[in-house]
>>> print(open('upload-v9.pdb').read())   # PDB, C-alpha atoms
ATOM      1  CA  MET A   4     -80.895  -4.657  79.134  1.00  0.00           C
ATOM      2  CA  ASN A   5     -82.199  -7.634  77.177  1.00  0.00           C
ATOM      3  CA  CYS A   6     -79.812  -9.926  75.332  1.00  0.00           C
ATOM      4  CA  ILE A   7     -79.590 -13.153  73.385  1.00  0.00           C
ATOM      5  CA  ILE A   8     -76.605 -15.497  73.097  1.00  0.00           C
ATOM      6  CA  VAL A   9     -75.826 -17.009  69.699  1.00  0.00           C
ATOM      7  CA  ASP A  10     -73.346 -19.895  69.697  1.00  0.00           C
ATOM      8  CA  ASP A  11     -73.271 -23.415  68.254  1.00  0.00           C
ATOM      9  CA  ASP A  12     -71.656 -24.738  71.448  1.00  0.00           C
ATOM     10  CA  ASN A  13     -74.172 -25.118  74.277  1.00  0.00           C
ATOM     11  CA  ASN A  14     -71.366 -25.284  76.819  1.00  0.00           C
ATOM     12  CA  CYS A  15     -70.255 -21.802  75.718  1.00  0.00           C
ATOM     13  CA  ILE A  16     -73.834 -20.548  75.986  1.00  0.00           C
ATOM     14  CA  LYS A  17     -74.115 -21.984  79.485  1.00  0.00           C
ATOM     15  CA  ALA A  18     -70.795 -20.475  80.572  1.00  0.00           C
ATOM     16  CA  LEU A  19     -71.612 -16.985  79.260  1.00  0.00           C
ATOM     17  CA  GLY A  20     -75.135 -17.164  80.626  1.00  0.00           C
ATOM     18  CA  GLY A  21     -73.820 -18.093  84.052  1.00  0.00           C
ATOM     19  CA  ILE A  22     -71.416 -15.150  84.125  1.00  0.00           C
ATOM     20  CA  LEU A  23     -74.159 -12.732  83.072  1.00  0.00           C
ATOM     21  CA  THR A  24     -76.525 -14.040  85.735  1.00  0.00           C
ATOM     22  CA  ASP A  25     -73.960 -13.941  88.515  1.00  0.00           C
ATOM     23  CA  TYR A  26     -71.983 -10.803  87.673  1.00  0.00           C
ATOM     24  CA  VAL A  27     -74.137  -8.618  85.395  1.00  0.00           C
ATOM     25  CA  PRO A  28     -77.712  -9.072  86.663  1.00  0.00           C
ATOM     26  CA  THR A  29     -78.849  -5.944  84.806  1.00  0.00           C
ATOM     27  CA  VAL A  30     -78.540  -7.945  81.567  1.00  0.00           C
ATOM     28  CA  LYS A  31     -81.461 -10.328  81.112  1.00  0.00           C
ATOM     29  CA  ILE A  32     -81.153 -13.321  78.752  1.00  0.00           C
ATOM     30  CA  ALA A  33     -84.179 -13.294  76.443  1.00  0.00           C
ATOM     31  CA  GLY A  34     -83.136 -16.437  74.567  1.00  0.00           C
ATOM     32  CA  THR A  35     -80.339 -18.478  73.011  1.00  0.00           C
ATOM     33  CA  ALA A  36     -79.680 -19.734  69.482  1.00  0.00           C
ATOM     34  CA  ASN A  37     -77.410 -22.294  67.841  1.00  0.00           C
ATOM     35  CA  THR A  38     -77.810 -20.990  64.277  1.00  0.00           C
ATOM     36  CA  ILE A  39     -78.182 -17.677  62.462  1.00  0.00           C
ATOM     37  CA  ALA A  40     -81.738 -18.613  61.450  1.00  0.00           C
ATOM     38  CA  GLU A  41     -82.697 -19.105  65.094  1.00  0.00           C
ATOM     39  CA  ALA A  42     -81.013 -15.829  65.988  1.00  0.00           C
ATOM     40  CA  VAL A  43     -82.994 -13.930  63.347  1.00  0.00           C
ATOM     41  CA  LYS A  44     -86.258 -15.261  64.821  1.00  0.00           C
ATOM     42  CA  LEU A  45     -85.243 -14.132  68.306  1.00  0.00           C
ATOM     43  CA  VAL A  46     -84.298 -10.681  67.026  1.00  0.00           C
ATOM     44  CA  HIS A  47     -87.712 -10.271  65.391  1.00  0.00           C
ATOM     45  CA  ALA A  48     -89.477 -11.629  68.489  1.00  0.00           C
ATOM     46  CA  GLY A  49     -88.673  -8.787  70.839  1.00  0.00           C
ATOM     47  CA  ASN A  50     -86.734  -5.647  71.687  1.00  0.00           C
ATOM     48  CA  LEU A  51     -83.077  -6.476  72.250  1.00  0.00           C
ATOM     49  CA  ASP A  52     -80.273  -4.311  73.557  1.00  0.00           C
ATOM     50  CA  VAL A  53     -77.386  -6.736  73.057  1.00  0.00           C
ATOM     51  CA  VAL A  54     -76.585  -9.798  70.953  1.00  0.00           C
ATOM     52  CA  PHE A  55     -73.619 -11.930  72.009  1.00  0.00           C
ATOM     53  CA  LEU A  56     -72.612 -13.437  68.685  1.00  0.00           C
ATOM     54  CA  ASP A  57     -70.124 -16.231  68.062  1.00  0.00           C
ATOM     55  CA  VAL A  58     -67.859 -15.559  65.069  1.00  0.00           C
ATOM     56  CA  GLU A  59     -67.965 -19.141  63.781  1.00  0.00           C
ATOM     57  CA  ILE A  60     -71.307 -20.960  63.964  1.00  0.00           C
ATOM     58  CA  GLN A  61     -71.147 -24.421  62.368  1.00  0.00           C
ATOM     59  CA  ASP A  62     -70.711 -23.731  58.622  1.00  0.00           C
ATOM     60  CA  GLU A  63     -71.742 -20.067  59.008  1.00  0.00           C
ATOM     61  CA  VAL A  64     -70.108 -16.938  60.371  1.00  0.00           C
ATOM     62  CA  GLY A  65     -71.747 -14.634  62.872  1.00  0.00           C
ATOM     63  CA  PHE A  66     -71.448 -11.738  60.452  1.00  0.00           C
ATOM     64  CA  ASP A  67     -74.162 -13.407  58.349  1.00  0.00           C
ATOM     65  CA  LEU A  68     -76.690 -12.050  60.838  1.00  0.00           C
ATOM     66  CA  PHE A  69     -76.306  -8.650  59.164  1.00  0.00           C
ATOM     67  CA  LYS A  70     -77.485 -10.106  55.857  1.00  0.00           C
ATOM     68  CA  PHE A  71     -80.895 -10.606  57.454  1.00  0.00           C
ATOM     69  CA  ILE A  72     -80.765  -7.634  59.841  1.00  0.00           C
ATOM     70  CA  PRO A  73     -78.900  -4.974  57.788  1.00  0.00           C
ATOM     71  CA  ALA A  74     -79.802  -2.079  60.107  1.00  0.00           C
ATOM     72  CA  PRO A  75     -79.749  -3.530  63.639  1.00  0.00           C
ATOM     73  CA  LYS A  76     -80.956  -1.393  66.522  1.00  0.00           C
ATOM     74  CA  PHE A  77     -79.102  -3.443  69.106  1.00  0.00           C
ATOM     75  CA  GLU A  78     -75.487  -3.611  70.142  1.00  0.00           C
ATOM     76  CA  VAL A  79     -73.361  -6.601  69.088  1.00  0.00           C
ATOM     77  CA  VAL A  80     -70.557  -8.215  71.077  1.00  0.00           C
ATOM     78  CA  PHE A  81     -68.686 -10.886  69.146  1.00  0.00           C
ATOM     79  CA  THR A  82     -67.248 -13.903  70.933  1.00  0.00           C
ATOM     80  CA  THR A  83     -64.398 -15.868  69.436  1.00  0.00           C
ATOM     81  CA  ALA A  84     -61.502 -18.136  70.276  1.00  0.00           C
ATOM     82  CA  HIS A  85     -59.262 -17.451  67.268  1.00  0.00           C
ATOM     83  CA  GLU A  86     -58.894 -16.165  63.690  1.00  0.00           C
ATOM     84  CA  LYS A  87     -56.703 -13.078  63.678  1.00  0.00           C
ATOM     85  CA  TYR A  88     -58.167 -11.568  60.492  1.00  0.00           C
ATOM     86  CA  MET A  89     -61.697 -11.722  61.854  1.00  0.00           C
ATOM     87  CA  MET A  90     -60.484  -9.830  64.906  1.00  0.00           C
ATOM     88  CA  LYS A  91     -59.090  -7.096  62.656  1.00  0.00           C
ATOM     89  CA  ALA A  92     -62.400  -6.829  60.832  1.00  0.00           C
ATOM     90  CA  ILE A  93     -64.276  -6.532  64.129  1.00  0.00           C
ATOM     91  CA  LYS A  94     -61.918  -3.965  65.630  1.00  0.00           C
ATOM     92  CA  SER A  95     -61.790  -1.805  62.506  1.00  0.00           C
ATOM     93  CA  SER A  96     -65.594  -1.621  62.535  1.00  0.00           C
ATOM     94  CA  CYS A  97     -65.738  -0.473  66.170  1.00  0.00           C
ATOM     95  CA  PHE A  98     -67.613  -3.532  67.394  1.00  0.00           C
ATOM     96  CA  ASP A  99     -66.720  -5.018  70.731  1.00  0.00           C
ATOM     97  CA  TYR A 100     -65.514  -8.581  71.201  1.00  0.00           C
ATOM     98  CA  LEU A 101     -64.687 -11.086  73.909  1.00  0.00           C
ATOM     99  CA  LEU A 102     -62.102 -13.827  73.625  1.00  0.00           C
ATOM    100  CA  LYS A 103     -63.044 -17.322  74.742  1.00  0.00           C
ATOM    101  CA  PRO A 104     -62.843 -18.524  77.430  1.00  0.00           C
ATOM    102  CA  ILE A 105     -64.599 -15.350  78.456  1.00  0.00           C
ATOM    103  CA  ASP A 106     -62.986 -13.433  81.286  1.00  0.00           C
ATOM    104  CA  ILE A 107     -65.474 -12.212  83.897  1.00  0.00           C
ATOM    105  CA  GLN A 108     -63.917  -8.777  84.347  1.00  0.00           C
ATOM    106  CA  GLU A 109     -63.677  -8.210  80.575  1.00  0.00           C
ATOM    107  CA  LEU A 110     -67.379  -8.981  80.237  1.00  0.00           C
ATOM    108  CA  VAL A 111     -68.251  -6.636  83.103  1.00  0.00           C
ATOM    109  CA  ASN A 112     -66.121  -3.893  81.504  1.00  0.00           C
ATOM    110  CA  THR A 113     -67.777  -4.432  78.116  1.00  0.00           C
ATOM    111  CA  ILE A 114     -71.263  -3.997  79.580  1.00  0.00           C
ATOM    112  CA  ALA A 115     -70.122  -0.911  81.504  1.00  0.00           C
ATOM    113  CA  ARG A 116     -68.777   0.678  78.297  1.00  0.00           C
ATOM    114  CA  MET A 117     -72.016  -0.146  76.549  1.00  0.00           C
ATOM    115  CA  GLU A 118     -74.152   1.437  79.245  1.00  0.00           C
ATOM    116  CA  ALA A 119     -71.966   4.549  79.179  1.00  0.00           C
ATOM    117  CA  LYS A 120     -72.480   4.919  75.419  1.00  0.00           C
ATOM    118  CA  LYS A 121     -76.093   3.967  74.930  1.00  0.00           C
ATOM    119  CA  ASN A 122     -76.431   6.244  71.910  1.00  0.00           C
ATOM    120  CA  GLN A 123     -73.694   4.283  70.124  1.00  0.00           C
ATOM    121  CA  ALA A 124     -76.251   1.692  69.052  1.00  0.00           C
ATOM    122  CA  LEU A 125     -77.716   4.326  66.753  1.00  0.00           C
ATOM    123  CA  PHE A 126     -74.693   3.841  64.529  1.00  0.00           C
ATOM    124  CA  THR A 127     -74.666   0.043  64.449  1.00  0.00           C
ATOM    125  CA  ALA A 128     -75.846   0.031  60.814  1.00  0.00           C
ATOM    126  CA  GLN A 129     -72.788   2.038  59.723  1.00  0.00           C
ATOM    127  CA  ARG A 130     -70.486  -0.259  61.648  1.00  0.00           C
ATOM    128  CA  ALA A 131     -72.200  -3.285  60.128  1.00  0.00           C
ATOM    129  CA  GLU A 132     -71.568  -1.872  56.653  1.00  0.00           C
ATOM    130  CA  ALA A 133     -67.867  -1.461  57.391  1.00  0.00           C
ATOM    131  CA  LEU A 134     -67.657  -4.934  58.896  1.00  0.00           C
ATOM    132  CA  MET A 135     -69.318  -6.615  55.908  1.00  0.00           C
ATOM    133  CA  ASN A 136     -67.022  -4.749  53.521  1.00  0.00           C
ATOM    134  CA  ASN A 137     -63.966  -5.948  55.390  1.00  0.00           C
ATOM    135  CA  VAL A 138     -65.141  -9.549  55.703  1.00  0.00           C
ATOM    136  CA  ALA A 139     -66.069  -9.689  52.009  1.00  0.00           C
ATOM    137  CA  GLY A 140     -62.624  -8.535  50.921  1.00  0.00           C
ATOM    138  CA  THR A 141     -60.963 -11.233  48.832  1.00  0.00           C
ATOM    139  CA  ASN A 142     -57.501 -10.158  49.978  1.00  0.00           C
ATOM    140  CA  LYS A 143     -58.515 -10.365  53.658  1.00  0.00           C
ATOM    141  CA  LYS A 144     -57.386  -6.804  54.309  1.00  0.00           C
ATOM    142  CA  VAL A 145     -59.324  -4.087  56.073  1.00  0.00           C
ATOM    143  CA  ALA A 146     -61.007  -1.974  53.373  1.00  0.00           C
ATOM    144  CA  LYS A 147     -63.000   0.433  55.542  1.00  0.00           C
ATOM    145  CA  LEU A 148     -62.648   1.928  58.979  1.00  0.00           C
ATOM    146  CA  ALA A 149     -65.580   3.040  61.112  1.00  0.00           C
ATOM    147  CA  VAL A 150     -64.436   6.076  63.070  1.00  0.00           C
ATOM    148  CA  PRO A 151     -66.720   7.634  65.708  1.00  0.00           C
ATOM    149  CA  VAL A 152     -67.090  11.374  65.120  1.00  0.00           C
ATOM    150  CA  ARG A 153     -69.027  14.086  66.939  1.00  0.00           C
ATOM    151  CA  ASP A 154     -72.322  13.587  65.089  1.00  0.00           C
ATOM    152  CA  GLY A 155     -72.168   9.866  64.326  1.00  0.00           C
ATOM    153  CA  MET A 156     -69.930   7.314  62.667  1.00  0.00           C
ATOM    154  CA  GLN A 157     -67.679   8.124  59.700  1.00  0.00           C
ATOM    155  CA  LEU A 158     -66.837   5.328  57.248  1.00  0.00           C
ATOM    156  CA  ILE A 159     -63.395   5.845  55.754  1.00  0.00           C
ATOM    157  CA  ASN A 160     -62.008   4.058  52.715  1.00  0.00           C
ATOM    158  CA  VAL A 161     -58.607   2.820  53.850  1.00  0.00           C
ATOM    159  CA  PRO A 162     -56.757   3.588  50.560  1.00  0.00           C
ATOM    160  CA  ALA A 163     -57.773   7.260  50.975  1.00  0.00           C
ATOM    161  CA  ILE A 164     -55.731   7.589  54.173  1.00  0.00           C
ATOM    162  CA  VAL A 165     -52.483   9.467  53.502  1.00  0.00           C
ATOM    163  CA  TYR A 166     -51.114   9.296  57.031  1.00  0.00           C
ATOM    164  CA  LEU A 167     -52.084   9.000  60.685  1.00  0.00           C
ATOM    165  CA  GLU A 168     -50.712  11.124  63.480  1.00  0.00           C
ATOM    166  CA  GLY A 169     -50.818   9.966  67.084  1.00  0.00           C
ATOM    167  CA  ASP A 170     -51.078  12.292  70.060  1.00  0.00           C
ATOM    168  CA  ALA A 171     -51.305  10.540  73.427  1.00  0.00           C
ATOM    169  CA  LYS A 172     -54.667   8.705  73.443  1.00  0.00           C
ATOM    170  CA  TYR A 173     -55.928  10.181  70.159  1.00  0.00           C
ATOM    171  CA  THR A 174     -55.140   9.662  66.490  1.00  0.00           C
ATOM    172  CA  THR A 175     -55.852  12.006  63.575  1.00  0.00           C
ATOM    173  CA  LEU A 176     -56.441  10.448  60.150  1.00  0.00           C
ATOM    174  CA  TYR A 177     -55.545  12.629  57.153  1.00  0.00           C
ATOM    175  CA  LEU A 178     -57.229  11.775  53.846  1.00  0.00           C
ATOM    176  CA  ASP A 179     -56.248  12.439  50.246  1.00  0.00           C
ATOM    177  CA  ASN A 180     -59.158  14.878  49.796  1.00  0.00           C
ATOM    178  CA  GLY A 181     -57.881  17.127  52.586  1.00  0.00           C
ATOM    179  CA  GLU A 182     -60.359  15.929  55.206  1.00  0.00           C
ATOM    180  CA  ARG A 183     -59.213  14.789  58.613  1.00  0.00           C
ATOM    181  CA  TYR A 184     -60.881  12.867  61.420  1.00  0.00           C
ATOM    182  CA  VAL A 185     -59.911  12.507  65.064  1.00  0.00           C
ATOM    183  CA  SER A 186     -60.365   9.117  66.711  1.00  0.00           C
ATOM    184  CA  SER A 187     -60.165   8.182  70.382  1.00  0.00           C
ATOM    185  CA  LYS A 188     -58.194   5.060  69.401  1.00  0.00           C
ATOM    186  CA  ASN A 189     -54.450   5.347  69.963  1.00  0.00           C
ATOM    187  CA  ILE A 190     -52.055   4.965  67.060  1.00  0.00           C
ATOM    188  CA  GLY A 191     -50.995   1.500  68.216  1.00  0.00           C
ATOM    189  CA  GLU A 192     -54.545   0.217  67.722  1.00  0.00           C
ATOM    190  CA  PHE A 193     -54.566   1.518  64.152  1.00  0.00           C
ATOM    191  CA  GLU A 194     -51.189  -0.113  63.530  1.00  0.00           C
ATOM    192  CA  GLU A 195     -52.715  -3.480  64.476  1.00  0.00           C
ATOM    193  CA  MET A 196     -55.738  -3.017  62.191  1.00  0.00           C
ATOM    194  CA  LEU A 197     -54.077  -1.748  59.020  1.00  0.00           C
ATOM    195  CA  ASP A 198     -52.209  -3.784  56.427  1.00  0.00           C
ATOM    196  CA  ALA A 199     -48.543  -3.799  57.475  1.00  0.00           C
ATOM    197  CA  GLU A 200     -47.415  -4.078  53.847  1.00  0.00           C
ATOM    198  CA  LEU A 201     -48.991  -0.727  52.962  1.00  0.00           C
ATOM    199  CA  PHE A 202     -49.127   1.201  56.229  1.00  0.00           C
ATOM    200  CA  PHE A 203     -45.805   1.685  57.938  1.00  0.00           C
ATOM    201  CA  ARG A 204     -45.211   3.147  61.373  1.00  0.00           C
ATOM    202  CA  CYS A 205     -42.121   5.138  60.542  1.00  0.00           C
ATOM    203  CA  HIS A 206     -42.077   6.976  63.863  1.00  0.00           C
ATOM    204  CA  ARG A 207     -43.812   6.565  67.210  1.00  0.00           C
ATOM    205  CA  SER A 208     -46.155   9.410  66.239  1.00  0.00           C
ATOM    206  CA  TRP A 209     -46.810   8.615  62.579  1.00  0.00           C
ATOM    207  CA  ILE A 210     -48.056   5.888  60.275  1.00  0.00           C
ATOM    208  CA  VAL A 211     -47.750   6.550  56.536  1.00  0.00           C
ATOM    209  CA  ASN A 212     -49.546   4.979  53.599  1.00  0.00           C
ATOM    210  CA  LEU A 213     -46.678   3.834  51.373  1.00  0.00           C
ATOM    211  CA  LYS A 214     -48.853   4.399  48.301  1.00  0.00           C
ATOM    212  CA  HIS A 215     -48.880   8.087  49.218  1.00  0.00           C
ATOM    213  CA  VAL A 216     -45.127   8.446  49.696  1.00  0.00           C
ATOM    214  CA  ALA A 217     -43.914  10.720  46.887  1.00  0.00           C
ATOM    215  CA  LYS A 218     -40.247  10.956  47.832  1.00  0.00           C
ATOM    216  CA  TYR A 219     -37.680   9.810  50.371  1.00  0.00           C
ATOM    217  CA  LEU A 220     -35.260  12.535  51.506  1.00  0.00           C
ATOM    218  CA  LYS A 221     -32.114  10.655  52.429  1.00  0.00           C
ATOM    219  CA  GLN A 222     -30.208  13.563  53.964  1.00  0.00           C
ATOM    220  CA  ASP A 223     -33.003  14.505  56.369  1.00  0.00           C
ATOM    221  CA  ASN A 224     -34.308  10.958  56.781  1.00  0.00           C
ATOM    222  CA  GLN A 225     -37.826  12.156  55.946  1.00  0.00           C
ATOM    223  CA  VAL A 226     -40.549  11.235  53.503  1.00  0.00           C
ATOM    224  CA  MET A 227     -42.581  13.675  51.447  1.00  0.00           C
ATOM    225  CA  LEU A 228     -46.159  12.533  51.004  1.00  0.00           C
ATOM    226  CA  THR A 229     -48.468  13.197  48.079  1.00  0.00           C
ATOM    227  CA  ASN A 230     -50.046  16.074  50.022  1.00  0.00           C
ATOM    228  CA  ASN A 231     -46.552  17.619  50.490  1.00  0.00           C
ATOM    229  CA  LYS A 232     -46.466  16.760  54.190  1.00  0.00           C
ATOM    230  CA  LEU A 233     -42.979  15.950  55.505  1.00  0.00           C
ATOM    231  CA  ILE A 234     -42.787  13.069  57.981  1.00  0.00           C
ATOM    232  CA  ASP A 235     -39.743  11.979  59.976  1.00  0.00           C
ATOM    233  CA  VAL A 236     -38.485   8.404  59.743  1.00  0.00           C
ATOM    234  CA  SER A 237     -36.842   7.284  62.976  1.00  0.00           C
ATOM    235  CA  VAL A 238     -33.284   6.015  62.652  1.00  0.00           C
ATOM    236  CA  ARG A 239     -34.181   2.531  63.880  1.00  0.00           C
ATOM    237  CA  LYS A 240     -36.996   2.291  61.320  1.00  0.00           C
ATOM    238  CA  LYS A 241     -34.993   3.477  58.303  1.00  0.00           C
ATOM    239  CA  ASP A 242     -33.844   0.108  56.915  1.00  0.00           C
ATOM    240  CA  GLU A 243     -37.231  -1.520  57.393  1.00  0.00           C
ATOM    241  CA  PHE A 244     -38.932   1.440  55.710  1.00  0.00           C
ATOM    242  CA  LEU A 245     -36.657   1.367  52.671  1.00  0.00           C
ATOM    243  CA  LYS A 246     -37.269  -2.359  52.131  1.00  0.00           C
ATOM    244  CA  LEU A 247     -41.027  -1.790  52.044  1.00  0.00           C
ATOM    245  CA  PHE A 248     -40.755   1.452  50.067  1.00  0.00           C
ATOM    246  CA  TYR A 249     -38.932  -0.225  47.189  1.00  0.00           C
ATOM    247  CA  LYS A 250     -41.577  -3.002  47.053  1.00  0.00           C
ATOM    248  CA  VAL A 251     -44.532  -0.642  46.557  1.00  0.00           C
TER     249      VAL A 251
END
>>> encode(input="upload-v9.pdb", output="structure tokens")
Amino acid sequence: MNCIIVDDDNNCIKALGGILTDYVPTVKIAGTANTIAEAVKLVHAGNLDVVFLDVEIQDEVGFDLFKFIPAPKFEVVFTTAHEKYMMKAIKSSCFDYLLKPIDIQELVNTIARMEAKKNQALFTAQRAEALMNNVAGTNKKVAKLAVPVRDGMQLINVPAIVYLEGDAKYTTLYLDNGERYVSSKNIGEFEEMLDAELFFRCHRSWIVNLKHVAKYLKQDNQVMLTNNKLIDVSVRKKDEFLKLFYKV
């Protein structure tokens, strides 16, 4: 696998490069860049499998790479030290990321996942679209989710989600048009990505979109959604739910 490292801090480049050389020798470093412009040149210069991309590069953001390479044929692993919202945008778009200082085992695991899903790079363009939508959002809230499905990558408009149902390691997303999609992400991961003011985890198995709550049934401690689905509200979540429900 050929890669490039894009970071405005040469110490970070050296550290990541050293880990790759010592612990992941199957990944060859084809070049390094300190700016997006330099990165674009390296991308056009040769066939790449992976780009390690810093989230903040001087006065730019790593996501700007997609403005010049809108349909990348390589995998992208973001590296970052902070910025919680950016992490949400990355996770919701199904890109991988590494927190600085980079942990050796996490890097090894990332490469292993990548090698196990080599066909995933075919859907990088769809993930890039979702990422750019989320980053561009003026309210800094995730607007689209990229959900891997059997034949590719499904982009889902977040407001269209009526509710999510968790089942062990999987989560099913139910949309307002009747469609549903199964994701290998657990419901806790979706809880972290979605806006907590609009999506409420009312039960360990369910997250509801408060905009799609049609009625609260006090006696049964349930909510009726706009698609007529009845969802339980756990006793310990009742007060918190009602506070949010009356705000919507």
>>> resolve_selection(input="upload-v9.pdb", expression="the PyMOL selection byres ((chain A and resi 46-62) around 8)", output="short mmCIF file (atom, residue, chain, number, x, y, z; two decimals) with C-alpha atoms, in the frame of the given file")
data_model
loop_
_atom_site.label_atom_id
_atom_site.label_comp_id
_atom_site.auth_asym_id
_atom_site.auth_seq_id
_atom_site.Cartn_x
_atom_site.Cartn_y
_atom_site.Cartn_z
CA MET A 4 -80.90 -4.66 79.13
CA ASN A 5 -82.20 -7.63 77.18
CA CYS A 6 -79.81 -9.93 75.33
CA ILE A 7 -79.59 -13.15 73.39
CA ILE A 8 -76.60 -15.50 73.10
CA VAL A 9 -75.83 -17.01 69.70
CA ASP A 10 -73.35 -19.90 69.70
CA ASP A 11 -73.27 -23.42 68.25
CA ASN A 37 -77.41 -22.29 67.84
CA THR A 38 -77.81 -20.99 64.28
CA ILE A 39 -78.18 -17.68 62.46
CA ALA A 42 -81.01 -15.83 65.99
CA VAL A 43 -82.99 -13.93 63.35
CA LYS A 44 -86.26 -15.26 64.82
CA LEU A 45 -85.24 -14.13 68.31
CA GLU A 63 -71.74 -20.07 59.01
CA VAL A 64 -70.11 -16.94 60.37
CA GLY A 65 -71.75 -14.63 62.87
CA PHE A 66 -71.45 -11.74 60.45
CA LYS A 76 -80.96 -1.39 66.52
CA PHE A 77 -79.10 -3.44 69.11
CA GLU A 78 -75.49 -3.61 70.14
CA VAL A 79 -73.36 -6.60 69.09
CA VAL A 80 -70.56 -8.22 71.08
CA PHE A 81 -68.69 -10.89 69.15
CA THR A 82 -67.25 -13.90 70.93
CA THR A 83 -64.40 -15.87 69.44
CA MET A 89 -61.70 -11.72 61.85
#
>>> atom_distance(input="upload-v9.pdb", atom1="CA of Ile105 in chain A", atom2="CA of Asn136 in chain A")
27.2 Å
>>> closest_atom_pairs(input="upload-v9.pdb", of="range 138-183 of chain A", to="range 224-246 of chain A", cutoff="10 Å", atoms="all atoms listed in the file", output="tab-separated table")
residue	atom	partner	partner_atom	distance
A:Val165	CA	A:Leu228	CA	7.5
A:Tyr166	CA	A:Leu228	CA	8.4
A:Glu168	CA	A:Ile234	CA	9.8
A:Tyr177	CA	A:Asn230	CA	9.6
A:Leu178	CA	A:Asn230	CA	9.2
A:Asp179	CA	A:Asn230	CA	7.2
A:Asn180	CA	A:Asn230	CA	9.2
A:Gly181	CA	A:Asn230	CA	8.3
>>> atom_distance(input="upload-v9.pdb", atom1="CA of Ala119 in chain A", atom2="CA of Ala149 in chain A")
19.2 Å
>>> closest_residue(input="upload-v9.pdb", among="A:Ala18, A:Asn137, A:Asp106, A:Ile210", to="Ala92 in chain A", atoms="only C-alpha atoms")
A:Asn137
>>> closest_residue(input="upload-v9.pdb", among="A:Ser96, A:Gln222, A:Ser208, A:Thr127", to="Ile72 in chain A", atoms="only C-alpha atoms")
A:Thr127
>>> atom_distance(input="upload-v9.pdb", atom1="CA of Leu197 in chain A", atom2="CA of Thr175 in chain A")
14.6 Å
>>> closest_residue(input="upload-v9.pdb", among="A:Lys147, A:Lys221, A:Arg183, A:Lys103", to="Lys91 in chain A", atoms="all atoms listed in the file")
A:Lys147
>>> residues_around(input="upload-v9.pdb", residues="Ser186 in chain A", least_positions_apart="5", cutoff="8 Å", atoms="only C-alpha atoms", output="PyMOL selection string")
chain A and resi 150-152+173-176
>>> closest_residue(input="upload-v9.pdb", among="A:Ala199, A:Cys15, A:Val30, A:Ile190", to="Ala84 in chain A", atoms="only C-alpha atoms")
A:Cys15
>>> build_atoms(input="upload-v9.pdb", residues="range 236-248 of chain A", atoms="N, CA and C atoms", output="compact mmCIF listing (two decimals), keeping the file's coordinate frame")
# COMPACT_ATOMS: atom_id res chain seq x y z
N VAL A 236 -38.67 9.85 59.62
CA VAL A 236 -38.48 8.40 59.74
C VAL A 236 -37.45 8.20 60.84
N SER A 237 -37.80 7.48 61.88
CA SER A 237 -36.84 7.28 62.98
C SER A 237 -35.66 6.46 62.48
N VAL A 238 -34.52 6.68 63.08
CA VAL A 238 -33.28 6.02 62.65
C VAL A 238 -33.43 4.50 62.70
N ARG A 239 -34.06 3.98 63.74
CA ARG A 239 -34.18 2.53 63.88
C ARG A 239 -35.17 1.93 62.90
N LYS A 240 -36.00 2.78 62.27
CA LYS A 240 -37.00 2.29 61.32
C LYS A 240 -36.55 2.46 59.87
N LYS A 241 -35.43 3.11 59.66
CA LYS A 241 -34.99 3.48 58.30
C LYS A 241 -34.85 2.27 57.39
N ASP A 242 -34.10 1.27 57.78
CA ASP A 242 -33.84 0.11 56.92
C ASP A 242 -35.13 -0.64 56.60
N GLU A 243 -35.97 -0.82 57.60
CA GLU A 243 -37.23 -1.52 57.39
C GLU A 243 -38.13 -0.73 56.43
N PHE A 244 -38.13 0.59 56.59
CA PHE A 244 -38.93 1.44 55.71
C PHE A 244 -38.47 1.32 54.26
N LEU A 245 -37.17 1.40 54.03
CA LEU A 245 -36.66 1.37 52.67
C LEU A 245 -36.97 0.04 51.97
N LYS A 246 -36.93 -1.06 52.72
CA LYS A 246 -37.27 -2.36 52.13
C LYS A 246 -38.71 -2.37 51.64
N LEU A 247 -39.61 -1.84 52.44
CA LEU A 247 -41.03 -1.79 52.04
C LEU A 247 -41.25 -0.76 50.94
N PHE A 248 -40.59 0.37 51.04
CA PHE A 248 -40.76 1.45 50.07
C PHE A 248 -40.42 0.99 48.65
